[in-house]
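Undergrad: The following file, structure.txt, comprises compact mmCIF, C-alpha atoms:
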```
# COMPACT_ATOMS: atom_id res chain seq x y z
CA MET A 1 -15.33 -4.17 -14.00
CA THR A 2 -17.74 -5.93 -11.70
CA THR A 3 -20.54 -3.71 -10.48
CA THR A 4 -20.81 -3.18 -6.75
CA GLU A 5 -24.32 -4.66 -6.77
CA SER A 6 -23.09 -7.97 -8.20
CA LEU A 7 -20.08 -8.43 -5.91
CA LEU A 8 -20.06 -11.40 -3.59
CA THR A 9 -19.24 -10.92 0.08
CA THR A 10 -17.33 -13.03 2.58
CA PRO A 11 -18.66 -14.01 6.03
CA LEU A 12 -16.60 -11.13 7.49
CA HIS A 13 -18.10 -8.38 5.29
CA ALA A 14 -20.03 -6.67 8.12
CA LEU A 15 -16.97 -6.83 10.37
CA HIS A 16 -14.80 -5.18 7.71
CA LEU A 17 -17.27 -2.31 7.44
CA GLU A 18 -17.45 -1.99 11.23
CA LEU A 19 -13.65 -1.76 11.35
CA GLY A 20 -13.63 1.03 8.78
CA ALA A 21 -12.08 -0.93 5.91
CA ARG A 22 -11.87 0.54 2.43
CA MET A 23 -13.55 -2.07 0.27
CA VAL A 24 -12.62 -2.83 -3.34
CA PRO A 25 -13.69 -5.38 -5.96
CA PHE A 26 -11.33 -8.37 -6.00
CA ALA A 27 -11.89 -11.79 -7.61
CA GLY A 28 -15.60 -11.03 -7.81
CA TYR A 29 -15.84 -10.17 -4.11
CA SER A 30 -16.02 -6.98 -2.08
CA MET A 31 -12.77 -7.18 -0.13
CA PRO A 32 -10.87 -4.93 2.32
CA VAL A 33 -7.82 -3.34 0.71
CA GLN A 34 -6.83 -1.52 3.92
CA TYR A 35 -8.11 -0.34 7.29
CA PRO A 36 -7.80 3.16 8.80
CA SER A 37 -4.23 2.60 10.01
CA GLY A 38 -3.12 2.19 6.37
CA LEU A 39 -1.11 -0.27 4.31
CA MET A 40 2.29 0.66 5.71
CA ALA A 41 1.23 0.24 9.35
CA GLU A 42 -0.58 -3.03 8.59
CA HIS A 43 2.46 -4.42 6.76
CA LEU A 44 4.93 -3.51 9.50
CA HIS A 45 2.58 -4.78 12.23
CA THR A 46 2.42 -8.17 10.51
CA ARG A 47 6.21 -8.33 10.33
CA ALA A 48 6.49 -7.38 14.04
CA GLN A 49 3.46 -9.03 15.67
CA ALA A 50 0.43 -10.64 13.94
CA GLY A 51 -1.97 -9.65 11.18
CA LEU A 52 -5.37 -11.19 10.50
CA PHE A 53 -6.41 -11.56 6.85
CA ASP A 54 -9.79 -12.51 5.45
CA VAL A 55 -9.09 -14.92 2.58
CA SER A 56 -12.56 -16.46 2.47
CA HIS A 57 -12.83 -15.59 -1.23
CA MET A 58 -10.41 -18.41 -1.99
CA GLY A 59 -11.65 -21.82 -3.07
CA GLN A 60 -11.62 -24.78 -0.71
CA LEU A 61 -12.35 -28.34 -1.82
CA LEU A 62 -11.80 -31.96 -0.92
CA LEU A 63 -10.75 -34.84 -3.16
CA VAL A 64 -12.04 -38.02 -1.55
CA GLY A 65 -11.30 -41.65 -2.35
CA PRO A 66 -8.42 -44.14 -2.51
CA ASP A 67 -7.41 -42.99 -6.02
CA ALA A 68 -7.45 -39.24 -5.25
CA ALA A 69 -3.68 -38.75 -4.97
CA ALA A 70 -2.85 -40.69 -8.14
CA ALA A 71 -5.62 -38.89 -9.99
CA LEU A 72 -4.40 -35.45 -8.91
CA GLU A 73 -0.90 -36.31 -10.16
CA THR A 74 -2.34 -36.48 -13.69
CA LEU A 75 -3.08 -32.73 -13.41
CA MET A 76 0.07 -31.49 -11.62
CA PRO A 77 3.86 -32.09 -11.81
CA VAL A 78 3.87 -32.62 -8.05
CA ASP A 79 4.52 -35.64 -5.83
CA VAL A 80 1.10 -36.13 -4.28
CA ILE A 81 1.19 -39.91 -3.79
CA ASP A 82 4.14 -39.73 -1.37
CA LEU A 83 2.88 -36.67 0.51
CA PRO A 84 2.59 -37.88 4.13
CA ALA A 85 -0.66 -37.55 6.04
CA GLY A 86 -0.63 -34.30 7.99
CA ARG A 87 1.57 -32.49 5.47
CA GLN A 88 0.97 -29.83 2.82
CA ARG A 89 2.65 -29.11 -0.52
CA TYR A 90 2.55 -26.28 -3.07
CA GLY A 91 1.10 -27.38 -6.40
CA LEU A 92 0.55 -26.19 -9.97
CA LEU A 93 -2.35 -27.06 -12.25
CA LEU A 94 -1.01 -27.09 -15.82
CA ASN A 95 -2.56 -26.94 -19.29
CA GLU A 96 -1.50 -29.02 -22.29
CA ASP A 97 1.24 -26.49 -23.15
CA GLY A 98 2.69 -26.61 -19.64
CA GLY A 99 1.19 -23.21 -18.81
CA ILE A 100 -0.01 -22.59 -15.26
CA ILE A 101 -3.81 -22.72 -14.89
CA ASP A 102 -3.49 -21.94 -11.18
CA ASP A 103 -1.24 -22.45 -8.20
CA LEU A 104 -2.65 -24.06 -5.08
CA MET A 105 -1.98 -25.73 -1.76
CA CYS A 106 -2.57 -29.47 -1.37
CA PHE A 107 -2.86 -31.08 2.08
CA ASN A 108 -3.09 -34.80 2.79
CA GLN A 109 -5.66 -35.17 5.56
CA GLY A 110 -5.17 -38.95 5.59
CA LEU A 111 -8.25 -40.97 6.47
CA VAL A 112 -11.31 -38.85 7.29
CA ASP A 113 -14.39 -40.92 8.17
CA GLY A 114 -12.54 -43.89 6.75
CA GLU A 115 -11.80 -42.28 3.36
CA SER A 116 -8.52 -40.96 1.94
CA THR A 117 -8.92 -37.18 1.73
CA LEU A 118 -6.94 -34.37 0.12
CA PHE A 119 -7.73 -30.75 1.00
CA LEU A 120 -7.02 -28.10 -1.65
CA ILE A 121 -6.99 -24.31 -1.50
CA VAL A 122 -7.10 -22.54 -4.88
CA ASN A 123 -7.13 -18.87 -5.89
CA GLY A 124 -10.42 -17.02 -5.61
CA ALA A 125 -10.52 -15.70 -9.18
CA CYS A 126 -9.82 -19.19 -10.52
CA LYS A 127 -11.88 -21.36 -8.18
CA ALA A 128 -14.96 -21.97 -10.37
CA ALA A 129 -12.81 -22.84 -13.39
CA ASP A 130 -10.41 -24.94 -11.26
CA ILE A 131 -13.19 -26.98 -9.73
CA ALA A 132 -14.79 -27.54 -13.15
CA HIS A 133 -11.39 -28.53 -14.59
CA ILE A 134 -10.66 -30.97 -11.77
CA GLN A 135 -14.17 -32.43 -11.92
CA ALA A 136 -13.99 -32.92 -15.70
CA ARG A 137 -10.53 -34.51 -15.63
CA ILE A 138 -10.61 -36.74 -12.54
CA GLY A 139 -14.18 -36.65 -11.25
CA ASP A 140 -14.60 -40.27 -12.34
CA ARG A 141 -11.65 -41.34 -10.14
CA CYS A 142 -12.46 -39.53 -6.89
CA GLU A 143 -15.18 -37.40 -5.37
CA VAL A 144 -14.61 -33.67 -5.94
CA ARG A 145 -16.31 -31.93 -3.01
CA PRO A 146 -16.30 -28.08 -3.00
CA LEU A 147 -16.58 -26.42 0.42
CA PRO A 148 -18.53 -23.19 -0.25
CA ASP A 149 -19.75 -23.03 3.35
CA GLN A 150 -16.24 -22.69 4.78
CA GLY A 151 -14.57 -19.38 5.57
CA LEU A 152 -10.78 -19.00 5.52
CA LEU A 153 -8.69 -16.77 7.81
CA ALA A 154 -4.93 -16.25 7.72
CA LEU A 155 -3.09 -15.22 10.88
CA GLN A 156 0.48 -14.20 10.02
CA GLY A 157 3.45 -12.86 11.92
CA PRO A 158 5.99 -13.78 14.61
CA GLN A 159 3.35 -13.54 17.36
CA ALA A 160 0.70 -15.57 15.47
CA ALA A 161 1.38 -18.78 17.39
CA ALA A 162 1.18 -17.03 20.76
CA ALA A 163 -2.15 -15.41 19.86
CA LEU A 164 -3.80 -18.46 18.29
CA SER A 165 -2.65 -20.94 20.94
CA ARG A 166 -4.62 -19.05 23.61
CA LEU A 167 -7.78 -19.88 21.70
CA VAL A 168 -6.78 -23.22 20.19
CA PRO A 169 -4.31 -25.09 22.42
CA GLY A 170 -2.05 -27.44 20.51
CA VAL A 171 -1.51 -25.38 17.36
CA GLN A 172 1.95 -24.39 18.60
CA GLN A 173 3.02 -28.02 18.04
CA LEU A 174 2.56 -27.65 14.26
CA VAL A 175 5.54 -26.91 12.04
CA PHE A 176 5.69 -25.22 8.64
CA MET A 177 3.49 -26.98 6.05
CA SER A 178 1.85 -29.26 8.60
CA GLY A 179 -1.67 -29.08 9.99
CA GLY A 180 -4.61 -30.85 11.52
CA HIS A 181 -8.15 -30.77 12.83
CA PHE A 182 -8.77 -28.64 15.94
CA ASP A 183 -11.71 -27.47 18.03
CA TRP A 184 -12.58 -23.95 19.17
CA GLN A 185 -15.55 -23.73 21.54
CA GLY A 186 -17.13 -26.73 19.84
CA VAL A 187 -16.47 -25.35 16.33
CA PRO A 188 -14.39 -27.66 14.10
CA LEU A 189 -11.35 -25.96 12.56
CA PHE A 190 -8.83 -27.22 10.03
CA ILE A 191 -5.54 -25.37 10.56
CA THR A 192 -2.28 -25.42 8.63
CA ARG A 193 0.94 -23.67 9.65
CA SER A 194 1.53 -21.82 6.40
CA GLY A 195 0.75 -18.56 4.64
CA TYR A 196 1.62 -16.00 2.02
CA THR A 197 3.82 -13.49 3.82
CA GLY A 198 7.18 -15.17 4.50
CA GLU A 199 6.32 -15.07 8.20
CA ASP A 200 5.33 -17.81 10.59
CA GLY A 201 1.58 -18.13 10.65
CA PHE A 202 -1.56 -20.16 10.12
CA GLU A 203 -4.41 -20.59 7.68
CA ILE A 204 -7.67 -21.51 9.40
CA SER A 205 -10.63 -23.13 7.63
CA VAL A 206 -13.74 -22.42 9.69
CA PRO A 207 -17.46 -22.94 9.06
CA ALA A 208 -18.69 -19.68 7.52
CA ALA A 209 -21.34 -19.28 10.23
CA HIS A 210 -18.58 -19.07 12.87
CA ALA A 211 -15.98 -17.10 10.91
CA GLU A 212 -16.92 -13.70 12.34
CA SER A 213 -16.92 -14.96 15.93
CA LEU A 214 -13.49 -16.50 15.46
CA ALA A 215 -12.16 -13.35 13.79
CA ARG A 216 -13.43 -11.22 16.69
CA ALA A 217 -11.80 -13.58 19.20
CA LEU A 218 -8.50 -13.33 17.34
CA LEU A 219 -8.71 -9.53 17.06
CA ALA A 220 -9.24 -9.41 20.83
CA GLN A 221 -5.71 -10.76 21.29
CA PRO A 222 -3.25 -7.93 21.98
CA GLU A 223 -0.87 -8.90 19.16
CA VAL A 224 -3.49 -9.06 16.39
CA LYS A 225 -4.71 -6.34 14.04
CA PRO A 226 -6.75 -6.63 10.82
CA VAL A 227 -4.80 -6.45 7.55
CA GLY A 228 -6.14 -5.87 4.04
CA LEU A 229 -5.24 -6.93 0.52
CA GLY A 230 -2.79 -4.05 0.05
CA ALA A 231 -0.41 -5.23 2.75
CA ARG A 232 -1.02 -8.87 1.79
CA ASN A 233 0.41 -7.97 -1.62
CA SER A 234 3.43 -6.08 -0.28
CA LEU A 235 4.19 -8.83 2.23
CA ARG A 236 4.06 -11.61 -0.40
CA LEU A 237 6.24 -9.60 -2.79
CA GLU A 238 8.94 -9.08 -0.15
CA ALA A 239 8.75 -12.85 0.37
CA GLY A 240 9.33 -13.37 -3.37
CA LEU A 241 6.03 -15.21 -3.81
CA CYS A 242 4.11 -15.23 -7.08
CA LEU A 243 0.69 -13.64 -7.54
CA TYR A 244 -1.44 -15.60 -9.99
CA GLY A 245 -2.50 -13.43 -12.91
CA ASN A 246 0.54 -11.16 -12.49
CA ASP A 247 3.67 -13.26 -12.12
CA ILE A 248 2.31 -16.58 -13.39
CA ASP A 249 -0.53 -17.47 -15.75
CA THR A 250 -1.46 -19.85 -18.57
CA THR A 251 1.33 -18.42 -20.76
CA THR A 252 4.12 -19.20 -18.28
CA THR A 253 5.61 -22.61 -17.52
CA PRO A 254 7.04 -23.58 -14.12
CA PRO A 255 10.69 -23.42 -15.32
CA GLU A 256 10.11 -19.95 -16.83
CA ALA A 257 8.56 -18.89 -13.52
CA ALA A 258 11.58 -20.22 -11.55
CA LEU A 259 9.31 -22.79 -9.87
CA ASN A 260 11.35 -25.92 -10.58
CA TRP A 261 11.58 -26.42 -6.79
CA ALA A 262 7.86 -27.29 -6.83
CA ILE A 263 8.48 -30.27 -9.12
CA GLN A 264 9.87 -33.16 -7.06
CA LYS A 265 12.49 -35.57 -8.47
CA VAL A 266 10.01 -38.44 -8.68
CA ARG A 267 8.04 -36.50 -11.35
CA ARG A 268 11.12 -35.41 -13.35
CA THR A 269 13.02 -37.17 -16.10
CA GLY A 270 14.39 -40.42 -14.65
CA GLY A 271 12.01 -40.35 -11.68
CA ALA A 272 9.78 -43.26 -10.74
CA ARG A 273 6.66 -41.39 -11.90
CA ALA A 274 8.22 -39.02 -14.42
CA GLY A 275 5.84 -37.02 -16.57
CA GLY A 276 2.21 -38.04 -16.87
CA PHE A 277 0.98 -34.46 -16.34
CA PRO A 278 -0.25 -31.91 -18.91
CA GLY A 279 2.59 -30.27 -20.83
CA ALA A 280 5.11 -32.73 -19.41
CA ALA A 281 7.23 -32.93 -22.57
CA ARG A 282 7.75 -29.16 -22.70
CA VAL A 283 8.19 -28.66 -18.95
CA LEU A 284 10.68 -31.51 -18.50
CA ALA A 285 12.62 -30.43 -21.60
CA GLN A 286 12.98 -26.94 -20.11
CA ILE A 287 14.17 -28.39 -16.79
CA ASP A 288 16.62 -30.74 -18.49
CA ASP A 289 17.96 -28.04 -20.84
CA PRO A 290 17.71 -24.60 -19.23
CA SER A 291 19.26 -23.08 -22.37
CA SER A 292 15.94 -23.78 -24.13
CA LEU A 293 14.21 -21.11 -22.02
CA THR A 294 13.48 -17.78 -23.70
CA ARG A 295 12.68 -15.93 -20.47
CA LYS A 296 12.97 -16.36 -16.73
CA ARG A 297 11.37 -14.77 -13.66
CA VAL A 298 13.78 -12.77 -11.50
CA GLY A 299 13.77 -10.37 -8.59
CA LEU A 300 14.79 -6.74 -9.07
CA VAL A 301 15.81 -4.01 -6.63
CA ALA A 302 15.71 -0.38 -7.76
CA LEU A 303 18.84 1.68 -7.15
CA GLU A 304 16.78 4.87 -6.85
CA ARG A 305 13.74 5.41 -4.63
CA VAL A 306 11.26 5.30 -7.53
CA PRO A 307 8.53 2.60 -7.37
CA VAL A 308 8.44 0.43 -10.49
CA ARG A 309 4.97 -0.98 -11.17
CA GLU A 310 3.48 -3.93 -13.01
CA GLY A 311 3.76 -3.61 -16.79
CA THR A 312 6.88 -1.43 -16.76
CA ALA A 313 9.24 -2.16 -19.66
CA LEU A 314 12.85 -3.07 -18.94
CA GLN A 315 15.90 -2.29 -21.05
CA THR A 316 19.56 -3.20 -20.92
CA GLU A 317 22.12 -0.49 -20.31
CA ALA A 318 22.59 -0.56 -24.10
CA ASP A 319 18.89 0.38 -24.53
CA GLU A 320 17.87 -3.05 -25.82
CA SER A 321 14.54 -4.57 -24.77
CA ALA A 322 15.09 -6.78 -21.71
CA GLY A 323 11.67 -7.81 -20.40
CA THR A 324 8.70 -6.64 -18.35
CA VAL A 325 7.90 -6.09 -14.68
CA THR A 326 5.01 -8.26 -13.43
CA SER A 327 4.81 -6.99 -9.81
CA GLY A 328 6.46 -4.01 -8.18
CA LEU A 329 6.18 -1.58 -5.27
CA LEU A 330 8.08 0.28 -2.56
CA ALA A 331 8.83 -2.46 -0.02
CA PRO A 332 7.81 -1.22 3.45
CA SER A 333 10.24 -3.46 5.35
CA LEU A 334 13.18 -2.57 3.10
CA ASP A 335 12.27 1.04 2.28
CA LYS A 336 13.29 0.56 -1.33
CA PRO A 337 11.51 -0.42 -4.55
CA ILE A 338 11.44 -4.13 -5.45
CA ALA A 339 9.89 -6.03 -8.32
CA LEU A 340 9.44 -9.36 -10.04
CA ALA A 341 9.97 -9.48 -13.79
CA TYR A 342 10.57 -11.75 -16.76
CA VAL A 343 13.85 -11.19 -18.55
CA ALA A 344 15.96 -12.97 -21.14
CA PRO A 345 17.89 -15.82 -19.46
CA HIS A 346 21.30 -14.23 -20.12
CA LEU A 347 20.13 -11.24 -18.04
CA ALA A 348 18.90 -13.33 -15.08
CA GLN A 349 22.13 -13.47 -13.07
CA PRO A 350 22.08 -11.58 -9.73
CA GLY A 351 23.92 -8.28 -10.06
CA THR A 352 22.88 -7.69 -13.69
CA ARG A 353 22.02 -4.01 -14.23
CA LEU A 354 18.83 -3.10 -16.10
CA ASN A 355 16.79 0.08 -16.56
CA ALA A 356 13.06 0.35 -15.91
CA LEU A 357 11.27 2.95 -18.02
CA VAL A 358 9.06 4.89 -15.60
CA ARG A 359 7.21 7.82 -17.22
CA GLY A 360 10.01 8.21 -19.74
CA LYS A 361 12.76 8.11 -17.11
CA ALA A 362 15.29 5.27 -16.90
CA VAL A 363 15.32 3.95 -13.32
CA PRO A 364 18.40 1.76 -12.68
CA MET A 365 17.64 -1.68 -11.24
CA GLU A 366 19.68 -4.71 -10.30
CA VAL A 367 18.72 -8.37 -10.53
CA ALA A 368 18.55 -9.71 -6.97
CA PRO A 369 17.92 -13.12 -5.37
CA THR A 370 14.48 -13.81 -3.95
CA PRO A 371 13.05 -13.79 -1.36
CA PHE A 372 13.98 -10.18 -0.73
CA LEU A 373 13.66 -10.82 3.03
CA PRO A 374 14.74 -14.06 4.74
CA PRO A 375 11.65 -16.18 5.50
CA ARG A 376 10.79 -16.86 9.12
CA TYR A 377 8.72 -20.03 8.82
CA HIS A 378 8.58 -22.22 11.92
CA ARG A 379 10.27 -25.47 10.92
CA GLY A 380 10.56 -26.84 14.44
```
Could you write out this file's structure as structure tokens?

TA:
Amino acid sequence: MTTTESLLTTPLHALHLELGARMVPFAGYSMPVQYPSGLMAEHLHTRAQAGLFDVSHMGQLLLVGPDAAAALETLMPVDVIDLPAGRQRYGLLLNEDGGIIDDLMCFNQGLVDGESTLFLIVNGACKAADIAHIQARIGDRCEVRPLPDQGLLALQGPQAAAALSRLVPGVQQLVFMSGGHFDWQGVPLFITRSGYTGEDGFEISVPAAHAESLARALLAQPEVKPVGLGARNSLRLEAGLCLYGNDIDTTTTPPEAALNWAIQKVRRTGGARAGGFPGAARVLAQIDDPSSLTRKRVGLVALERVPVREGTALQTEADESAGTVTSGLLAPSLDKPIALAYVAPHLAQPGTRLNALVRGKAVPMEVAPTPFLPPRYHRG
């Protein structure tokens, strides 16, 4: 465990304390897990109005130069070259076995100061290793420029656009997975219409020196309340989104993790730029022959009101080992326990009944499609 004295802080640390947040160690930072209203209230407020999240612990970096997109494709099974300027795509850094080093967001900023520029957001716990990995692999083909002096805020919920557009006119014109450069009182912002909750919303990259002022301005909007890591986790799980380190890691491949949708046709077998990424032979073989998989990520819904947590063992109704839960909780919006888990492929069909072993008790669960709630992204 990281000692309190050695924890890093985000630009909003003093504001979190002022707002009465309960702080916990997370990814090497002191981060707010919840505020006085509590996880349940924060979660439901985000679903109904707008929640403000501090995600400044995450890594932000630029890849600059005419070869940046082609270079990044050597690290990920993602179509980066054809990503239009002004658009964002989910990506996966892979190791030589096809395991997931990290998941990230990649945005094509187009020409910035005359240079082709990609903007990446990576997970906080992985950012130092990710940046070193990217630098070592493609640093000779493009400039790898970390952005440690940028804060990152996420404003999520059906009223996010109404609240943010009062401060930053024009953001309401963005659609899901698009973005651009904006100005707030002379402060440059880079904003994407995206997030980690299944709701409409925005992620806002802001100079760290102005992050607190912007957060206060957002919290002054009637729809907006602060939200901590606890509700961020419950919101993303209802949305069926993976948490790195729980649901995906270096031992899982994209097909095992049910992330084939993140691998575009151009990078698959028969595509114009098929393969050429770490672990391509294994990953493409698993896509081409799903029967080669030994496990698959699925959603689960408990049939009793007993939360089923990470690490819980699963069994078939015949008491045979079936897999393991990787994320699980009582879903506030659904008022029933949900989970993500890895199971044998023949058990992955929706409707399959399994038992979770919770403190020696068999809790019946059913494989269910994800997301558990319909997403409400603004697609225009």

Undergrad: Looking at only C-alpha atoms, which of A:Cys242, A:Leu347, A:Met40, A:Leu8 is the one that sits closest to A:Tyr196?

TA: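 Looking at the shortest contact to A:Tyr196, the residue is A:Cys242.
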
Undergrad: Within 6 Å of (-19.5, -14.1, 3.7), only C-alpha atoms: residues as a PDB file with C-alpha atoms, in the frame of the given file?

TA:
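In the end it all went to out.pdb:
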```pdb
ATOM      1  CA  THR A   9     -19.240 -10.920   0.080  1.00  0.00           C
ATOM      2  CA  THR A  10     -17.330 -13.030   2.580  1.00  0.00           C
ATOM      3  CA  PRO A  11     -18.660 -14.010   6.030  1.00  0.00           C
ATOM      4  CA  LEU A  12     -16.600 -11.130   7.490  1.00  0.00           C
TER       5      LEU A  12
END
```

Undergrad: Considering all atoms listed in the file, state which residue in the set A:Leu155, A:Val24, A:Thr117, A:Ala161 is at the smallest distance from A:Leu219.

TA: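 Selected residue with least distance to A:Leu219: A:Leu155.
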
Undergrad: Could you pull the residues within 12 Å of A:Gly360, counting only C-alpha atoms, minus those fewer than 4 positions along the same chain, as number ranges by chain?

TA: A: 312-314, 355-356

Undergrad: Which residue is closest to A:Gly201? Choose from A:Ala50, A:Val224, A:Ala341, A:Met31 and count only C-alpha atoms.

TA: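 Ranked by minimum distance to A:Gly201, first place goes to A:Ala50.
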
Undergrad: Kindly give the distance, in Å, that separates atom CA of A:Val175 and atom CA of A:Arg376, rounded to a single decimal.

TA: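 Between atom CA of A:Val175 and atom CA of A:Arg376 the gap is 11.7 Å.
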
Undergrad: Rank A:Tyr90, A:Tyr377, A:Phe119, A:Phe176 by their smallest atom-to-atom distance to A:Asp102, using all atoms listed in the file, and report the top residue only.

TA: A:Tyr90

Undergrad: To one decimal in Å, tell me the separation between atom CA of A:Leu153 and atom CA of A:Thr250.

TA: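 Atom-to-atom, atom CA of A:Leu153 to atom CA of A:Thr250, that is 27.5 Å.
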
Undergrad: Which residue gives the smallest distance to A:Asn123 among A:Ile204, A:Leu237, A:Leu61, A:Val306, with only C-alpha atoms counted?

TA: A:Leu61

Undergrad: Find the spatial neighbours of A:Asp140, counting only C-alpha atoms, within a cut-off of 10 Å - ignore same-chain residues fewer than 4 positions away - and output them as a PDB file with C-alpha atoms, in the coordinates of the input.

TA:
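Below is the file selection-v6.pdb, written as the result:
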```
ATOM      1  CA  ASP A  67      -7.410 -42.990  -6.020  1.00  0.00           C
ATOM      2  CA  ALA A  71      -5.620 -38.890  -9.990  1.00  0.00           C
ATOM      3  CA  GLN A 135     -14.170 -32.430 -11.920  1.00  0.00           C
ATOM      4  CA  ALA A 136     -13.990 -32.920 -15.700  1.00  0.00           C
ATOM      5  CA  VAL A 144     -14.610 -33.670  -5.940  1.00  0.00           C
TER       6      VAL A 144
END
```

Undergrad: So, with only C-alpha atoms as the atoms that count, which of A:Leu152, A:Leu218, A:Ala231, A:Ala162 lies closest to A:Thr197?

TA: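 When distances to A:Thr197 are compared using only C-alpha atoms, the smallest one comes from A:Ala231.
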
Undergrad: Env of A:Arg193: 7 Å cut, atoms = all atoms listed in the file, seq-sep filter 2 positions within chain, self excluded. Answer as a list in words.

TA: Leu174, Val175, Phe176, Met177, Ser178, Gly179, Ile191, Gly201, Phe202 and Glu203 of chain A

Undergrad: Keeping only C-alpha atoms, write the selected residues as a PDB file, in the coordinates of the input.

TA:
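Output below, filename out_20.pdb:
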```
ATOM      1  CA  LEU A 174       2.560 -27.650  14.260  1.00  0.00           C
ATOM      2  CA  VAL A 175       5.540 -26.910  12.040  1.00  0.00           C
ATOM      3  CA  PHE A 176       5.690 -25.220   8.640  1.00  0.00           C
ATOM      4  CA  MET A 177       3.490 -26.980   6.050  1.00  0.00           C
ATOM      5  CA  SER A 178       1.850 -29.260   8.600  1.00  0.00           C
ATOM      6  CA  GLY A 179      -1.670 -29.080   9.990  1.00  0.00           C
ATOM      7  CA  ILE A 191      -5.540 -25.370  10.560  1.00  0.00           C
ATOM      8  CA  GLY A 201       1.580 -18.130  10.650  1.00  0.00           C
ATOM      9  CA  PHE A 202      -1.560 -20.160  10.120  1.00  0.00           C
ATOM     10  CA  GLU A 203      -4.410 -20.590   7.680  1.00  0.00           C
TER      11      GLU A 203
END
```

Undergrad: Excluding A:Pro374 and residues on its chain fewer than 3 positions from it, collect all residues at most 8 Å away from it, counting all atoms listed in the file, and give them as a VMD selection string.

TA: chain A and resid 198 239 371

Undergrad: Take the residues just selected and output them with C-alpha atoms as a compact mmCIF listing (two decimals), in the frame of the given file.

TA:
```
# COMPACT_ATOMS: atom_id res chain seq x y z
CA GLY A 198 7.18 -15.17 4.50
CA ALA A 239 8.75 -12.85 0.37
CA PRO A 371 13.05 -13.79 -1.36
```

Undergrad: Between atom CA of A:Leu93 and atom CA of A:Ala280, what is the spacing in Å?

TA: 11.8 Å
